[in-house]
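A.B. asks: Pasting a structure below so you can have a look.
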Amino acid sequence: MADLIGGKRITIKELNAWYHSLQALTNVNLLIEPNKVTAIIGPSGCGKSTLIRCLNRLHEIIPGARVSGQVLLGSQDIYAPEVDPVEVRRRVGMVFQKPNPFPTMSVFDNVAAGIKLNSRRSRNEIATIVEKSLRQAALWDEVKDKLHNSGAALSGGQQQRLCIARALAIEPEVILMDEPCSALDPMATLKIEELIQELKENYTIVIVTHNMQQAARVSDWTAFFLLGELIEYGHARQIFSNPSDKRTEAYITGRFG
Amino acid sequence: MKQQLYLWRKIKDKGMSQLIGLSALMMVGILFLILGYIFIKGVSALNWDFFTQLPKPVGEAGGGMANAIVGSFILLGLACSFSLPLGILAGIYLSEFGRNQLGTTVRFAADLLTGLPSIVVGIFIYTLIVLPMKGFSAIAGGIALGIIMVPVITRTTEEMMKIIPLTIREAALALGIREWRTILSVVLPAALPGIITGIMLAIARAAGETAPLLFTALGNRFWHSGLDQPIAALPLQIFTYAISPYEDWHAQAWAGALVLIILVLGLSIATRFLTRGRYYFMR
Ligand SMILES: Nc1ncnc2c1ncn2[C@@H]1O[C@H](COP(=O)(O)OP(=O)(O)O)[C@@H](O)[C@H]1O
Ligand SMILES: [Mg+2]
């Protein structure tokens with residue numbers, strides 16, 4: 001049952017981010033389309049992770065980290081003074097580089113964590129959401145008989161899909177993925193890539209990736225970063241076949257990075 | 001030439017690892033020597049009466065340490081009743097919010113307290129509680145033991161919370177779980193096996209303490225008659241019997257030592273057992 005929740009458009013305006021005095025992002029302007037996959041590419045340390053961590057206000061939990069500028073989710077600036085960062089994080093889900101299921105929790109509790117710890121729901125409601133999220137994450141068939149086993153006992157690829165299910169369970173509008181496949185084998189990677197294609201029907205997806213082929217395969221839009229600046233942004237097809245900036249071309253043809 | 005050098009290295013290598021292995025063996029040897037000696041000395045005086053009877057007056061044979069065993073449990077219970085919540089909360093504070101002046105001060109205080117000779121804690125409680133209450137009491141003894149436990153619990157809780165990877169905390173925060181919720185429902189459970197181990201170590205240490213009980217709980221030849229009254233404890237009873245001139249009391253002191261060791265050992269084995277089955281973070 002594909003009840004279209006629909007993703008939200010993200011408008012990034014003059015975004016700057018710092019770690020203490022180190023500026024990791026400089027004047028980023030970017031429009032991320034709803035129900036599309038936007039890939040963020042660029043060499044290590046260019047600020048990809050920092051950028052997506054600014055989109056769910058996770059950047060600021062690091063001591064000494066600072067942000068300026070605007071990020072509009074739909075029409076609301078998530079950095080407006082009256083906005084509670086916790087509320088933002090409930091609307092913007094995140095999947096990390098290394099699968100990080102909660103170690104003391106079962107598969108079921110991992111998926112239920114966000115709803116259980118945030119709101120009061122009946123057991124039935126929770127069970128329904130857990131099943132739906134696991135199905136959406138294409139994990140249900142593999143874990144339906146071991147819902148009460150430790151989440152940490154799954155394979156790496158399953159753990160990462162568990163983390164995706166966990167993020168889906170809070171019913172976000174946007175899903176951020178920071179190199180979600182970099183710790184996985186090719187088969188598990190393929191599964192996640194297929195999943196991303198399904199998920200974009202309902203969510204806005206931003207994925208950071210190191211892997212050029214992956215970016216070309218999964219993304220509709222691609223943004224290339226270098227040293228904290230947005231160098232080029234366009235349709236994935238255009239970026240990978242006919243980049244307009246020399247530096248983008250150098251990067252995607254593997255001449256640095 | 002080269003061959004010789006290689007041979008020499010191999011001998012050195014072998015010798016070194018054997019020396020290290022020997023040291024490890026000796027360490028285990030010391031443990032078993034102590035355990036074995038106490039077992040042999042103590043087991044002869046161990047019988048059902050030892051666990052059920054009060055001490056007999058001088059000259060009468062038999063009797064046991066039932067009151068001291070129960071007393072030790074009561075004292076430890078009193079000690080835990082405030083040292084567990086205090087230590088765990090202070091440890092959580094240090095690990096989660098302790099990166100400031102106050103945190104440094106608390107940490108320093110905890111370390112000083114850990115190093116404090118336990119007899120000093122006894123004198124302190126004597127002045128602060130026994131004198132104003134005009135009498136030795138179980139409460140005073142429990143507080144003295146608790147003070148010995150608090151810094152250990154605080155520091156283990158802090159360390160165990162700190163080793164929970166940042167990625168786990170970030171995963172919770174990214175789900176829109178509030179910080180205090182993340183700490184209590186995600187980080188604390190992950191750290192719990194380690195914290196429980198620390199608590200057991202603290203209890204084991206407190207269970208064997210004698211000095212801080214000498215002028216707080218005092219000891220009692222009978223069942224205690226209230227928490228504001230003197231109470232018996234195993235180490236105190238062992239101490240009294242061991243320095244007495246009577247043969248059968250010596251035997252009972254050994255039996256008491258054996259029971260004390262078994263209790264402490266049982267505690268750590270039980271801990272291992274209880275924390276083993278829990279999910280632990282891997283890799
Ligand atoms: N926690 C941190 N503290 C200080 N500097 C950081 C931290 N995380 C990242 N940086 C720095 O910020 C810059 C951007 O990092 P990041 O966003 O992680 O890059 P990417 O994800 O593209 O590899 C790098 O120079 C990096 O060294
Ligand atoms: Mg990164």
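Going through the structure tokens in order, the chains are called A, B, and so on, while each chain numbers its residues from 1 and the ligands are numbered from 1 in the order shown.
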Using only C-alpha atoms and all ligand atoms, determine which residues fall within 6 Å of ligand 1, then list them as a list in words.

C.D. replies: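 So the residues close to ligand 1 are Tyr19, Ala24, Ser44, Gly45, Cys46, Gly47, Lys48, Ser49 and Thr50 of chain A.
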
A.B. asks: Restricted to N, CA and C atoms, what would the selected residues look like written as a CSV table (one decimal), in the first residue's frame?

C.D. replies:
```csv
chain,number,residue,atom,x,y,z
A,19,TYR,N,33.7,23.9,11.9
A,19,TYR,CA,34.1,23.1,13.1
A,19,TYR,C,35.2,24.0,13.8
A,24,ALA,N,34.0,24.3,6.9
A,24,ALA,CA,33.9,23.1,6.1
A,24,ALA,C,32.9,23.3,4.9
A,44,SER,N,37.2,13.1,-0.6
A,44,SER,CA,37.2,13.0,0.8
A,44,SER,C,37.5,14.3,1.5
A,45,GLY,N,36.7,14.7,2.5
A,45,GLY,CA,37.0,15.9,3.2
A,45,GLY,C,36.4,17.2,2.5
A,46,CYS,N,35.6,17.0,1.5
A,46,CYS,CA,35.1,18.2,0.8
A,46,CYS,C,33.9,18.8,1.5
A,47,GLY,N,33.4,18.1,2.4
A,47,GLY,CA,32.2,18.6,3.2
A,47,GLY,C,30.9,17.9,2.9
A,48,LYS,N,30.9,16.7,2.3
A,48,LYS,CA,29.7,16.0,1.9
A,48,LYS,C,28.9,15.7,3.2
A,49,SER,N,29.6,15.1,4.1
A,49,SER,CA,28.9,14.6,5.4
A,49,SER,C,28.4,15.9,6.1
A,50,THR,N,29.3,16.9,6.2
A,50,THR,CA,28.9,18.1,6.9
A,50,THR,C,27.6,18.7,6.3
```

A.B. asks: Would you kindly report the residues of chain A within 6 Å of chain B, using only C-alpha atoms, as JSON, numbers by chain?

C.D. replies: {"A": [86, 89, 90, 103, 104, 114]}

A.B. asks: Contacts of Ala112 (chain A) at 9 Å or less, counting only C-alpha atoms, minus same-chain residues fewer than 3 places along, as a PyMOL selection string?

C.D. replies: chain A and resi 107-109+115-117+126-127+129-130+166+169-170

A.B. asks: Rounded to one decimal, what separation in Å do you get between CA of Ala253 (chain B) and CA of Tyr241 (chain B)?

C.D. replies: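 Computed distance, CA of Ala253 (chain B) to CA of Tyr241 (chain B), equals 5.5 Å.
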
A.B. asks: Any idea what's packed within 10 Å of Asp49 (chain B), counting only C-alpha atoms, ignoring anything in its chain fewer than 6 positions away? Could you give it as a list in words?

C.D. replies: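 These residues fall inside the cut-off: Pro55, Gly62, Gly63, Gly64, Met65 and Ala66 of chain B.
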
A.B. asks: Can you tell me, as a PyMOL selection string, which residues in region 30-238 of chain B count as helix (DSSP H, G or I) by DSSP?

C.D. replies: chain B and resi 30-43+48-52+66-97+101-115+118-133+138-162+166-174+179-208+211-214+234-238
